[in-house]
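Raw work_11.cif, mmCIF, C-alpha atoms (C1' of nucleotides):
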data_final
#
loop_
_atom_site.label_atom_id
_atom_site.label_comp_id
_atom_site.auth_asym_id
_atom_site.auth_seq_id
_atom_site.Cartn_x
_atom_site.Cartn_y
_atom_site.Cartn_z
CA MET A 1 -19.89 124.93 -6.12
CA LYS A 2 -21.38 121.66 -7.18
CA LYS A 3 -22.59 119.32 -4.50
CA LYS A 4 -20.62 116.13 -4.37
CA ALA A 5 -22.14 112.67 -4.14
CA ILE A 6 -20.23 109.47 -3.77
CA VAL A 7 -21.94 106.38 -5.06
CA ALA A 8 -21.37 102.92 -3.71
CA LEU A 9 -20.60 101.10 -6.94
CA SER A 10 -20.94 97.36 -7.13
CA GLY A 11 -20.26 96.92 -10.79
CA GLY A 12 -23.88 96.06 -11.36
CA VAL A 13 -26.60 97.88 -13.23
CA ASP A 14 -28.40 99.48 -10.32
CA SER A 15 -25.55 101.40 -8.77
CA ALA A 16 -24.29 102.40 -12.21
CA VAL A 17 -27.61 103.92 -13.16
CA ALA A 18 -27.81 105.61 -9.77
CA ALA A 19 -24.51 107.31 -10.51
CA ALA A 20 -25.62 108.29 -13.98
CA ILE A 21 -28.79 109.85 -12.65
CA LEU A 22 -26.85 111.96 -10.17
CA LEU A 23 -24.54 113.11 -12.94
CA GLU A 24 -27.53 114.13 -15.01
CA GLN A 25 -28.91 116.03 -12.06
CA GLY A 26 -25.72 118.05 -11.93
CA TRP A 27 -23.94 116.46 -9.03
CA GLU A 28 -20.24 116.03 -8.90
CA VAL A 29 -20.02 112.26 -8.68
CA ALA A 30 -17.39 109.75 -7.67
CA GLY A 31 -17.55 105.98 -7.27
CA LEU A 32 -16.56 104.01 -4.21
CA THR A 33 -16.32 100.28 -3.76
CA MET A 34 -15.48 98.09 -0.84
CA GLU A 35 -13.77 94.75 -0.84
CA VAL A 36 -15.22 92.46 1.78
CA VAL A 37 -14.15 89.02 0.69
CA THR A 38 -10.49 88.75 -0.08
CA PRO A 39 -9.92 85.05 0.43
CA GLU A 40 -6.46 85.29 1.91
CA CYS A 41 -8.00 86.88 4.93
CA PHE A 42 -9.96 83.80 5.76
CA GLU A 43 -8.37 81.43 8.20
CA THR A 44 -8.20 78.60 5.76
CA GLY A 45 -5.85 80.59 3.64
CA GLN A 46 -7.29 78.84 0.68
CA ASN A 47 -9.30 80.29 -2.08
CA ARG A 48 -12.17 77.90 -1.57
CA LEU A 49 -14.56 80.71 -2.29
CA GLY A 50 -13.39 81.10 -5.81
CA VAL A 51 -13.42 84.85 -5.36
CA GLU A 52 -10.68 86.80 -6.97
CA SER A 53 -9.21 89.35 -4.72
CA GLY A 54 -10.21 92.78 -5.84
CA LYS A 55 -12.86 91.56 -8.22
CA ALA A 56 -15.52 93.89 -6.90
CA SER A 57 -13.21 96.83 -7.49
CA ARG A 58 -12.35 95.80 -11.01
CA GLU A 59 -15.97 95.46 -11.98
CA ALA A 60 -16.87 98.75 -10.39
CA ARG A 61 -13.93 100.54 -11.93
CA LYS A 62 -15.18 99.63 -15.37
CA VAL A 63 -18.40 101.42 -14.58
CA ALA A 64 -16.63 104.45 -13.17
CA ASP A 65 -14.38 104.66 -16.21
CA PHE A 66 -17.37 104.43 -18.46
CA LEU A 67 -19.09 107.25 -16.62
CA LYS A 68 -15.80 109.15 -16.49
CA ILE A 69 -15.96 109.68 -12.75
CA PRO A 70 -13.23 109.32 -10.14
CA PHE A 71 -13.07 105.94 -8.48
CA PHE A 72 -12.02 104.82 -5.03
CA SER A 73 -11.75 101.44 -3.42
CA VAL A 74 -11.42 100.41 0.20
CA ASN A 75 -10.69 97.09 1.76
CA PHE A 76 -13.06 96.29 4.60
CA THR A 77 -12.37 92.61 4.74
CA LYS A 78 -11.38 92.72 8.37
CA GLU A 79 -14.26 94.91 9.48
CA PHE A 80 -16.74 92.91 7.46
CA ARG A 81 -15.53 89.73 9.01
CA GLU A 82 -15.69 91.12 12.52
CA LYS A 83 -19.13 92.63 12.19
CA VAL A 84 -21.03 90.61 9.66
CA ILE A 85 -19.48 87.20 9.38
CA GLN A 86 -18.88 86.77 13.09
CA SER A 87 -22.51 87.40 13.89
CA PHE A 88 -23.47 85.19 11.00
CA PHE A 89 -21.52 82.41 12.70
CA SER A 90 -22.78 82.99 16.21
CA GLU A 91 -26.37 83.21 15.09
CA TYR A 92 -26.25 79.88 13.32
CA LEU A 93 -24.43 78.27 16.22
CA SER A 94 -27.13 79.39 18.61
CA GLY A 95 -29.88 77.91 16.48
CA ARG A 96 -30.98 81.18 14.91
CA THR A 97 -31.06 82.23 11.27
CA PRO A 98 -29.07 85.36 10.55
CA ASN A 99 -29.74 88.06 8.01
CA PRO A 100 -26.26 89.32 7.18
CA CYS A 101 -27.45 91.93 4.67
CA VAL A 102 -29.21 93.93 7.35
CA VAL A 103 -26.15 93.83 9.57
CA CYS A 104 -23.92 94.83 6.70
CA ASN A 105 -26.10 97.80 5.83
CA ARG A 106 -26.15 99.01 9.40
CA PHE A 107 -22.45 98.72 10.17
CA ILE A 108 -20.55 98.39 6.95
CA LYS A 109 -22.25 99.84 3.90
CA PHE A 110 -24.03 102.71 5.62
CA GLY A 111 -21.49 102.66 8.42
CA ILE A 112 -17.82 102.75 7.64
CA LEU A 113 -18.25 102.89 3.89
CA GLN A 114 -20.46 105.92 4.22
CA GLU A 115 -17.94 107.49 6.56
CA GLU A 116 -15.27 106.82 3.99
CA ALA A 117 -17.36 108.67 1.43
CA LEU A 118 -17.70 111.65 3.72
CA LYS A 119 -13.97 111.64 4.34
CA LEU A 120 -13.52 111.80 0.61
CA GLY A 121 -15.48 115.01 0.63
CA ALA A 122 -18.94 113.83 -0.24
CA ASP A 123 -21.99 115.77 0.81
CA LEU A 124 -24.14 112.73 0.34
CA PHE A 125 -23.67 109.01 0.03
CA ALA A 126 -25.68 107.25 -2.66
CA THR A 127 -26.52 103.62 -3.34
CA GLY A 128 -28.63 101.75 -5.84
CA HIS A 129 -31.22 100.63 -3.32
CA TYR A 130 -34.87 100.64 -4.25
CA ALA A 131 -36.11 102.70 -1.33
CA ARG A 132 -36.85 106.34 -0.61
CA ILE A 133 -35.90 108.81 2.07
CA PHE A 134 -37.93 111.86 3.03
CA HIS A 135 -37.05 114.61 5.45
CA GLU A 136 -40.03 115.76 7.49
CA ASN A 137 -40.22 117.51 10.82
CA ASP A 138 -36.58 116.92 11.70
CA ARG A 139 -37.00 113.26 11.00
CA TYR A 140 -35.57 111.24 8.13
CA LEU A 141 -38.25 108.85 6.97
CA LEU A 142 -37.61 105.65 5.14
CA LYS A 143 -40.17 104.51 2.59
CA LYS A 144 -40.56 101.65 0.20
CA GLY A 145 -39.26 101.94 -3.32
CA ILE A 146 -41.91 102.69 -5.94
CA ASP A 147 -41.33 99.31 -7.55
CA GLU A 148 -43.13 96.97 -5.18
CA LYS A 149 -41.36 94.00 -6.68
CA LYS A 150 -37.91 95.39 -6.02
CA ASP A 151 -38.50 97.30 -2.83
CA GLN A 152 -35.50 96.86 -0.55
CA SER A 153 -36.58 98.89 2.45
CA TYR A 154 -36.73 95.66 4.42
CA PHE A 155 -32.95 95.45 4.47
CA LEU A 156 -32.62 99.00 5.74
CA PHE A 157 -34.76 98.92 8.85
CA SER A 158 -31.87 99.23 11.25
CA LEU A 159 -30.40 102.40 9.76
CA GLN A 160 -29.99 105.32 12.14
CA GLN A 161 -31.17 108.86 11.56
CA GLU A 162 -27.64 110.13 10.90
CA GLN A 163 -27.14 107.44 8.34
CA LEU A 164 -30.34 108.26 6.52
CA ALA A 165 -29.56 111.95 6.71
CA ARG A 166 -26.47 111.50 4.61
CA THR A 167 -27.98 109.09 2.13
CA ILE A 168 -29.67 109.44 -1.21
CA PHE A 169 -31.39 106.69 -3.19
CA PRO A 170 -31.60 107.81 -6.83
CA LEU A 171 -33.54 104.67 -7.83
CA GLY A 172 -36.23 104.90 -5.20
CA SER A 173 -38.81 106.34 -7.54
CA LEU A 174 -37.99 104.12 -10.48
CA THR A 175 -38.94 100.62 -11.44
CA LYS A 176 -36.42 97.97 -12.26
CA ASP A 177 -37.60 98.00 -15.87
CA GLU A 178 -37.00 101.71 -16.14
CA VAL A 179 -33.54 101.27 -14.69
CA ARG A 180 -32.77 98.51 -17.15
CA ARG A 181 -33.92 100.63 -20.05
CA MET A 182 -31.81 103.55 -18.88
CA ALA A 183 -28.80 101.28 -18.60
CA GLN A 184 -29.37 100.02 -22.09
CA LYS A 185 -29.87 103.50 -23.48
CA MET A 186 -26.68 104.69 -21.89
CA GLY A 187 -24.84 101.72 -23.27
CA LEU A 188 -23.52 100.65 -19.92
CA PRO A 189 -20.87 97.97 -20.20
CA SER A 190 -21.79 94.35 -19.65
CA PRO A 191 -25.12 94.56 -17.93
CA ASP A 192 -25.23 90.84 -18.56
CA ARG A 193 -24.65 90.16 -14.92
CA SER A 194 -27.55 88.53 -13.21
CA GLU A 195 -29.18 90.16 -10.23
CA SER A 196 -27.03 90.13 -7.16
CA GLN A 197 -28.41 87.53 -4.85
CA ASP A 198 -27.49 84.99 -2.25
CA ILE A 199 -25.02 85.66 0.50
CA CYS A 200 -22.32 87.80 -1.07
CA PHE A 201 -19.49 86.30 0.94
CA ILE A 202 -20.43 82.75 0.04
CA PRO A 203 -20.34 82.73 -3.75
CA ASP A 204 -20.75 78.98 -4.05
CA GLN A 205 -23.87 79.35 -1.94
CA ASP A 206 -22.85 76.48 0.25
CA TYR A 207 -23.29 78.18 3.58
CA ILE A 208 -23.11 74.90 5.46
CA GLY A 209 -19.74 74.09 3.94
CA PHE A 210 -18.66 77.65 4.69
CA LEU A 211 -19.58 77.33 8.35
CA GLU A 212 -17.90 73.98 8.68
CA SER A 213 -14.66 74.95 7.01
CA GLU A 214 -14.40 78.32 8.70
CA LEU A 215 -15.35 77.16 12.16
CA HIS A 216 -13.75 73.76 11.88
CA ILE A 217 -16.90 72.07 12.98
CA LYS A 218 -18.38 68.95 11.59
CA GLY A 219 -21.71 67.49 12.42
CA THR A 220 -22.41 67.77 16.09
CA ALA A 221 -25.03 65.13 15.75
CA GLY A 222 -28.41 65.23 17.38
CA ASN A 223 -31.90 64.12 16.67
CA ILE A 224 -34.66 65.24 14.42
CA VAL A 225 -37.78 64.99 16.52
CA HIS A 226 -41.40 65.26 15.52
CA VAL A 227 -43.54 67.72 17.47
CA SER A 228 -45.29 64.71 18.93
CA GLY A 229 -42.02 63.72 20.55
CA LYS A 230 -41.24 60.87 18.23
CA VAL A 231 -37.59 60.66 17.25
CA LEU A 232 -37.41 60.46 13.48
CA GLY A 233 -33.71 60.27 12.87
CA PRO A 234 -30.33 61.89 13.30
CA HIS A 235 -29.03 65.16 11.89
CA GLN A 236 -25.47 66.42 11.46
CA GLY A 237 -25.66 69.77 13.15
CA THR A 238 -28.45 72.16 14.04
CA TYR A 239 -26.82 74.94 12.03
CA ARG A 240 -27.92 73.10 8.91
CA TYR A 241 -31.55 73.85 9.61
CA THR A 242 -33.77 76.87 9.68
CA VAL A 243 -37.37 77.34 10.74
CA GLY A 244 -39.74 76.70 7.87
CA GLN A 245 -37.30 74.51 6.01
CA ARG A 246 -38.89 71.62 4.17
CA LYS A 247 -36.19 70.26 1.93
CA GLY A 248 -33.22 68.28 3.05
CA LEU A 249 -34.69 66.68 6.12
CA GLY A 250 -34.14 63.22 4.71
CA ILE A 251 -37.14 61.77 6.43
CA ALA A 252 -39.85 59.69 4.82
CA TRP A 253 -43.20 60.80 6.12
CA PRO A 254 -46.74 60.74 4.71
CA GLN A 255 -46.98 64.52 4.89
CA PRO A 256 -44.43 67.19 4.06
CA LEU A 257 -42.48 68.04 7.17
CA TYR A 258 -41.11 71.46 8.07
CA VAL A 259 -38.62 72.59 10.66
CA ILE A 260 -40.66 74.07 13.48
CA ARG A 261 -37.91 74.85 15.94
CA VAL A 262 -34.15 74.59 16.21
CA ASP A 263 -32.77 73.98 19.69
CA ALA A 264 -29.01 74.29 19.48
CA GLU A 265 -28.48 73.61 23.15
CA ALA A 266 -30.39 70.35 23.09
CA LYS A 267 -28.97 69.67 19.64
CA GLN A 268 -32.49 69.05 18.54
CA VAL A 269 -34.35 69.89 15.36
CA VAL A 270 -38.10 69.79 15.86
CA VAL A 271 -40.16 69.11 12.76
CA GLY A 272 -43.87 68.90 12.07
CA GLU A 273 -46.61 69.34 9.54
CA LYS A 274 -47.22 72.75 8.04
CA MET A 275 -49.89 73.73 10.54
CA TYR A 276 -47.34 73.75 13.34
CA LEU A 277 -45.52 76.55 11.55
CA GLU A 278 -48.38 78.97 12.04
CA VAL A 279 -47.90 81.48 14.79
CA PHE A 280 -50.12 84.30 16.05
CA GLU A 281 -47.56 86.28 17.99
CA MET A 282 -43.87 86.84 18.43
CA GLN A 283 -41.44 89.08 20.23
CA VAL A 284 -38.78 91.19 18.61
CA GLN A 285 -35.71 92.77 20.16
CA ASP A 286 -33.32 95.61 19.41
CA VAL A 287 -36.11 97.47 17.72
CA ASN A 288 -35.08 100.48 15.70
CA TRP A 289 -37.83 103.03 15.31
CA VAL A 290 -37.15 104.89 12.12
CA ALA A 291 -40.18 107.10 11.79
CA GLN A 292 -40.50 108.00 15.44
CA PRO A 293 -39.94 106.28 18.76
CA LEU A 294 -42.99 104.26 19.64
CA THR A 295 -44.54 104.90 23.01
CA GLY A 296 -47.84 103.06 22.80
CA SER A 297 -49.20 100.15 20.85
CA ILE A 298 -49.90 100.65 17.20
CA ARG A 299 -51.59 99.01 14.24
CA CYS A 300 -49.42 98.33 11.24
CA LYS A 301 -48.33 95.72 8.77
CA CYS A 302 -45.43 93.50 9.57
CA ARG A 303 -43.02 91.79 7.23
CA ILE A 304 -41.13 88.89 8.77
CA ARG A 305 -38.76 88.27 5.88
CA TYR A 306 -37.78 89.85 2.62
CA ARG A 307 -40.62 89.60 0.10
CA HIS A 308 -43.02 88.41 2.75
CA GLN A 309 -46.59 89.49 2.13
CA GLU A 310 -46.79 91.94 4.99
CA ALA A 311 -49.37 90.97 7.56
CA PRO A 312 -51.68 93.20 9.61
CA ALA A 313 -50.61 93.23 13.22
CA SER A 314 -50.62 95.11 16.48
CA VAL A 315 -47.28 96.07 17.94
CA VAL A 316 -46.81 96.72 21.62
CA PRO A 317 -43.49 98.28 22.62
CA LEU A 318 -41.84 96.86 25.72
CA GLU A 319 -38.80 97.83 27.73
CA ASP A 320 -35.25 97.17 26.61
CA GLY A 321 -35.99 97.76 22.98
CA ARG A 322 -38.36 94.87 22.70
CA ALA A 323 -41.85 94.66 21.34
CA ASP A 324 -44.64 92.14 21.19
CA VAL A 325 -46.26 91.58 17.84
CA PHE A 326 -49.75 90.14 17.51
CA PHE A 327 -50.81 89.11 14.05
CA ASP A 328 -54.42 89.24 12.91
CA GLU A 329 -53.86 86.03 10.99
CA PRO A 330 -51.32 83.37 11.93
CA GLN A 331 -48.03 83.61 10.07
CA ALA A 332 -46.02 80.65 8.87
CA GLY A 333 -42.35 80.52 9.61
CA VAL A 334 -41.59 83.12 12.24
CA THR A 335 -37.86 82.61 12.40
CA PRO A 336 -35.63 83.74 15.26
CA GLY A 337 -32.78 85.81 13.89
CA GLN A 338 -34.71 87.28 11.00
CA GLY A 339 -35.75 90.89 10.87
CA ALA A 340 -39.33 92.00 11.34
CA VAL A 341 -40.18 95.32 9.74
CA PHE A 342 -43.24 97.41 10.52
CA TYR A 343 -44.95 99.40 7.81
CA GLN A 344 -47.79 101.84 7.46
CA GLU A 345 -48.43 102.03 3.75
CA ASP A 346 -45.05 102.88 2.25
CA LEU A 347 -43.58 104.16 5.45
CA VAL A 348 -41.12 102.11 7.46
CA LEU A 349 -42.05 102.63 11.09
CA GLY A 350 -39.15 100.55 12.26
CA GLY A 351 -38.09 97.00 12.76
CA GLY A 352 -36.52 94.55 15.13
CA TRP A 353 -35.04 91.12 15.35
CA ILE A 354 -37.24 88.12 15.94
CA ARG A 355 -36.37 86.39 19.20
"C1'" U B 1 -41.84 24.18 10.05
"C1'" G B 2 -49.34 24.33 13.26
"C1'" G B 3 -52.30 28.84 12.03
"C1'" G B 4 -52.49 33.85 9.95
"C1'" G B 5 -50.37 38.11 7.29
"C1'" C B 6 -46.98 40.40 4.00
"C1'" G B 7 -43.22 41.17 -0.04
"C1'" U B 8 -44.69 47.53 -5.69
"C1'" A B 9 -38.67 52.88 -6.82
"C1'" G B 10 -33.86 55.06 -1.46
"C1'" C B 11 -38.46 55.33 2.08
"C1'" C B 12 -44.02 55.22 2.89
"C1'" A B 13 -47.77 53.61 -0.22
"C1'" A B 14 -52.41 53.11 -4.02
"C1'" G B 15 -53.72 49.61 -7.38
"C1'" U B 16 -57.12 42.58 -6.74
"C1'" G B 17 -57.33 40.80 -14.86
"C1'" G B 18 -56.56 45.59 -19.17
"C1'" U B 19 -51.56 47.70 -19.77
"C1'" A B 20 -47.75 51.02 -12.60
"C1'" A B 21 -51.77 56.96 -8.26
"C1'" G B 22 -49.82 59.96 -4.55
"C1'" G B 23 -46.42 61.59 -0.65
"C1'" C B 24 -41.30 61.86 1.22
"C1'" A B 25 -36.28 61.91 -0.52
"C1'" C B 26 -33.32 63.09 -4.74
"C1'" C B 27 -32.01 65.91 -9.43
"C1'" G B 28 -32.86 70.17 -12.80
"C1'" G B 29 -35.15 74.97 -13.65
"C1'" A B 30 -38.09 79.58 -12.25
"C1'" U B 31 -38.62 83.23 -8.34
"C1'" U B 32 -35.16 85.92 -4.72
"C1'" U B 33 -29.59 91.51 -2.79
"C1'" U B 34 -30.34 86.73 3.87
"C1'" G B 35 -31.66 81.68 5.31
"C1'" A B 36 -36.22 79.38 4.04
"C1'" U B 37 -40.80 78.98 1.60
"C1'" U B 38 -43.43 78.68 -3.16
"C1'" C B 39 -43.85 77.24 -8.37
"C1'" C B 40 -42.58 74.17 -12.83
"C1'" G B 41 -40.17 69.82 -14.74
"C1'" G B 42 -37.57 64.90 -14.16
"C1'" C B 43 -37.61 60.42 -11.46
"C1'" A B 44 -40.10 51.91 -11.52
"C1'" U B 45 -40.52 48.84 -19.69
"C1'" A B 46 -41.38 47.67 -13.81
"C1'" C B 47 -44.39 45.32 -9.19
"C1'" C B 48 -39.29 39.11 -4.32
"C1'" C B 49 -37.85 34.75 -7.79
"C1'" A B 50 -39.36 30.68 -11.24
"C1'" G B 51 -43.06 28.40 -13.88
"C1'" G B 52 -48.38 28.28 -15.40
"C1'" U B 53 -53.62 30.02 -16.86
"C1'" U B 54 -55.23 34.11 -20.22
"C1'" C B 55 -55.87 37.96 -26.20
"C1'" G B 56 -53.86 40.39 -21.84
"C1'" A B 57 -51.40 39.57 -14.82
"C1'" A B 58 -48.49 43.58 -9.98
"C1'" C B 59 -53.26 41.60 -9.55
"C1'" C B 60 -55.49 34.29 -10.69
"C1'" C B 61 -52.81 29.21 -9.93
"C1'" U B 62 -48.30 26.21 -8.47
"C1'" G B 63 -43.53 26.00 -6.36
"C1'" G B 64 -39.54 28.50 -4.09
"C1'" C B 65 -37.12 32.51 -1.16
"C1'" G B 66 -37.55 36.37 2.57
"C1'" C B 67 -39.99 38.93 6.58
"C1'" C B 68 -43.76 39.63 10.49
"C1'" C B 69 -47.52 38.01 14.13
"C1'" C B 70 -50.02 34.19 17.09
"C1'" A B 71 -49.40 29.65 18.79
"C1'" G B 72 -45.08 25.76 20.40
#

As structure tokens, how would this structure be written, given the file I've shared?
Amino acid sequence: MKKKAIVALSGGVDSAVAAAILLEQGWEVAGLTMEVVTPECFETGQNRLGVESGKASREARKVADFLKIPFFSVNFTKEFREKVIQSFFSEYLSGRTPNPCVVCNRFIKFGILQEEALKLGADLFATGHYARIFHENDRYLLKKGIDEKKDQSYFLFSLQQEQLARTIFPLGSLTKDEVRRMAQKMGLPSPDRSESQDICFIPDQDYIGFLESELHIKGTAGNIVHVSGKVLGPHQGTYRYTVGQRKGLGIAWPQPLYVIRVDAEAKQVVVGEKMYLEVFEMQVQDVNWVAQPLTGSIRCKCRIRYRHQEAPASVVPLEDGRADVFFDEPQAGVTPGQGAVFYQEDLVLGGGWIR
RNA sequence: UGGGGCGUAGCCAAGUGGUAAGGCACCGGAUUUUGAUUCCGGCAUACCCAGGUUCGAACCCUGGCGCCCCAG
């Protein structure tokens, strides 16, 4: 009997090609899509997001129909809100900068969506991620995608072994160009869509407006303070700022100023010249060791944000899932709330959250 | 109302006779499955106002207006 794979279809090119590849390889394939942003579920009750309910499913269904594969859709609006959006809120309110994609992958996409796929009878769950999984010595290893420019392993650092075990990434050994050409050759419908980007649940990209309307908050004012202690002016809420931010400070200063620190409790945004952004060490928490649990310190390369030029560092594991990271060269913009991922060549050793 | 200084875009600011640097902010675009960063482009027919000198003035002269500092 044919092995069955269920592909998480987004309606975009990548997941469509992933499904096509599996079909070619002889899998029995079905498509599965989740709805995570049906507007009526938001408290406002208004469609301020401009998202049509069920849009994701409609787009994905077109692809499934084209490929002539069965299609399923689930509504995870509630779960998504509880897991992803809630933490998105609380992180911003505590002065940190969340990375909702990582949370979504851990709990939603490779969590309940994957479970849904298994319930539907799938042997494996597939997505269009540019990353690779290898099974060695009873361990499922996560590696970068071949296409360095598109590698998405960063967003997957918190996946558990069971999750990796049931996953397949058909695009991991392809480049984006190859995928595009395949899509064209297959005559996939409307690949005119631009790359998916920005926070998926905030289509207008106005995350500040989203926070304010959803949380009913409005400018808990405080001060923007220079690292020297000099008060430079007021701000309308610390959640509007993130470490490393340069634009939007609204302050006239001889040199470009960057956000160095956000102190939600003191309602203070500390800014300074670029040099103050440079940091030699940091601590991460809730570390997930993908390759193998780390017992002693190790040399590796650390990426502190998506598409960050990974930096040589030494990592020292601590208790409670924490670890100290010491960079060889100072890094600009170490931002609490962002993920830090440790690599050795293509291999993802693991990753944690910057404190 | 004695002395001194200043007045250039939303802000800071260069330019002291030859036809308005730069930075911040702002706007647009590129890059990007998070937030940022980064990159490219745009952004004063105009230099407090009014006269004058000059081929030519933000820059020189005269007179106003406004602001700041030190003295009353």

Go through chain B residue by residue and, counting all atoms listed in the file, keep those with an atom at most 9 Å from chain A; for each kept residue give the shortest atom pair and its distance in Å to one decimal, ordered by chain and increasing number, as CSV.
residue,atom,partner,partner_atom,distance
B:C11,C1',A:Ala252,CA,5.3
B:C12,C1',A:Ala252,CA,6.4
B:A13,C1',A:Pro254,CA,8.7
B:G23,C1',A:Pro254,CA,5.4
B:C24,C1',A:Ala252,CA,4.4
B:A25,C1',A:Gly250,CA,5.8
B:U32,C1',A:Gln197,CA,6.9
B:U33,C1',A:Gln197,CA,4.6
B:U34,C1',A:Asn99,CA,4.4
B:G35,C1',A:Thr97,CA,6.0
B:A36,C1',A:Gln245,CA,5.4
B:U37,C1',A:Gly244,CA,6.8

Exercise for review: Mind giving me the straight-line distance from atom CA of Gly222 of chain A to atom CA of Val279 of chain A in Å, one decimal?
Suggested key: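 Going from atom CA of Gly222 of chain A over to atom CA of Val279 of chain A covers 25.5 Å.
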
Review point. Mind pulling up the distance from atom CA of Thr175 of chain A to atom CA of Gly352 of chain A?
Key: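 Going from atom CA of Gly352 of chain A over to atom CA of Thr175 of chain A covers 27.4 Å.
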
Exercise for review: Pull out every residue that the PyMOL selection byres ((chain A and resi 182) around 12) matches in the shown coordinates and put them as a PyMOL selection string.
Suggested key: chain A and resi 13-14+16-21+171+174-181+183-188+191

Check your understanding: Written as a ChimeraX atom specification, what is the full residue list that the PyMOL selection byres ((chain B and resi 3) around 9) yields on the file shown?
Key -> /B:2,4,70-71

**Study point:** Selected residue, from B:C6, B:A58, B:A20, B:C65, that lies nearest to A44 of chain B when counting all atoms listed in the file
**Key:**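 Of all the options, B:A20 lies closest to A44 of chain B.
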
Exercise for review: Within 8 Å of Val36 of chain A, counting all atoms listed in the file, which residues show up once you throw out same-chain ones fewer than 6 positions away? Write them as a PyMOL selection string, please.
Suggested key: chain A and resi 75-78+80-81+201

**Study point:** For atom CA of Val269 of chain A and atom CA of Gln331 of chain A, the interatomic separation in Å (one decimal)
**Key:**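 Computed distance, atom CA of Val269 of chain A to atom CA of Gln331 of chain A, equals 20.1 Å.
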
Please evaluate the PyMOL selection byres ((chain B and resi 52) around 8) against the structure above and give the resulting residues as a JSON list (two decimals) with C-alpha atoms (C1' of nucleotides), keeping the file's coordinate frame.
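out37.json was written with the following content:
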[["chain", "number", "residue", "atom", "x", "y", "z"],
["B", 51, "G", "C1'", -43.06, 28.40, -13.88],
["B", 53, "U", "C1'", -53.62, 30.02, -16.86],
["B", 61, "C", "C1'", -52.81, 29.21, -9.93],
["B", 62, "U", "C1'", -48.30, 26.21, -8.47]]

**Study point:** Shell around segment 28-31 of chain B at 8 Å using all atoms listed in the file, local window under 5 positions removed, as a PyMOL selection string
**Key:** chain B and resi 39-42

Give, as lines of an AutoDock Vina configuration file, the centre coordinates and the x, y and z edge lengths in Å to one decimal for an axis-aligned box around all listed atoms of segment 88-106 of chain A, padded by 6 Å on each side.
center_x = -26.3
center_y = 88.5
center_z = 11.6
size_x = 21.5
size_y = 33.1
size_z = 25.9

**Study point:** Pick from A:Leu294, A:Val316, A:Thr238, A:Phe326 nearest to Phe280 of chain A, counting all atoms listed in the file
**Key:**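 Answer, going by the shortest atom-to-atom distance: A:Phe326.
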
Practice item. Using all atoms listed in the file, pick whichever of A:Gly296, A:Gly350, A:Gly31, A:Pro170 has the shortest atom-to-atom distance to Ala8 of chain A. Key: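 Comparing A:Gly296, A:Gly350, A:Gly31, A:Pro170 against Ala8 of chain A, the winner is A:Gly31.
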
Point to revise | Shell of 7 Å around Tyr140 of chain A, all atoms listed in the file, local chain residues under 3 positions omitted, as a ChimeraX atom specification | key: /A:133-136,161,164-165

Practice item. Pick out the closest residue to Gly11 of chain A from this set: A:Ile146, A:Ile260, A:Ala60, A:Val225. Count all atoms listed in the file. Key: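 When distances to Gly11 of chain A are compared using all atoms listed in the file, the smallest one comes from A:Ala60.
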
Review point. Within 12 Å of segment 45-47 of chain B, counting only C-alpha atoms (C1' of nucleotides), which residues qualify if same-chain residues fewer than 4 places away don't, as a PyMOL selection string?
Key: chain B and resi 7-9+15+19-20+57-59
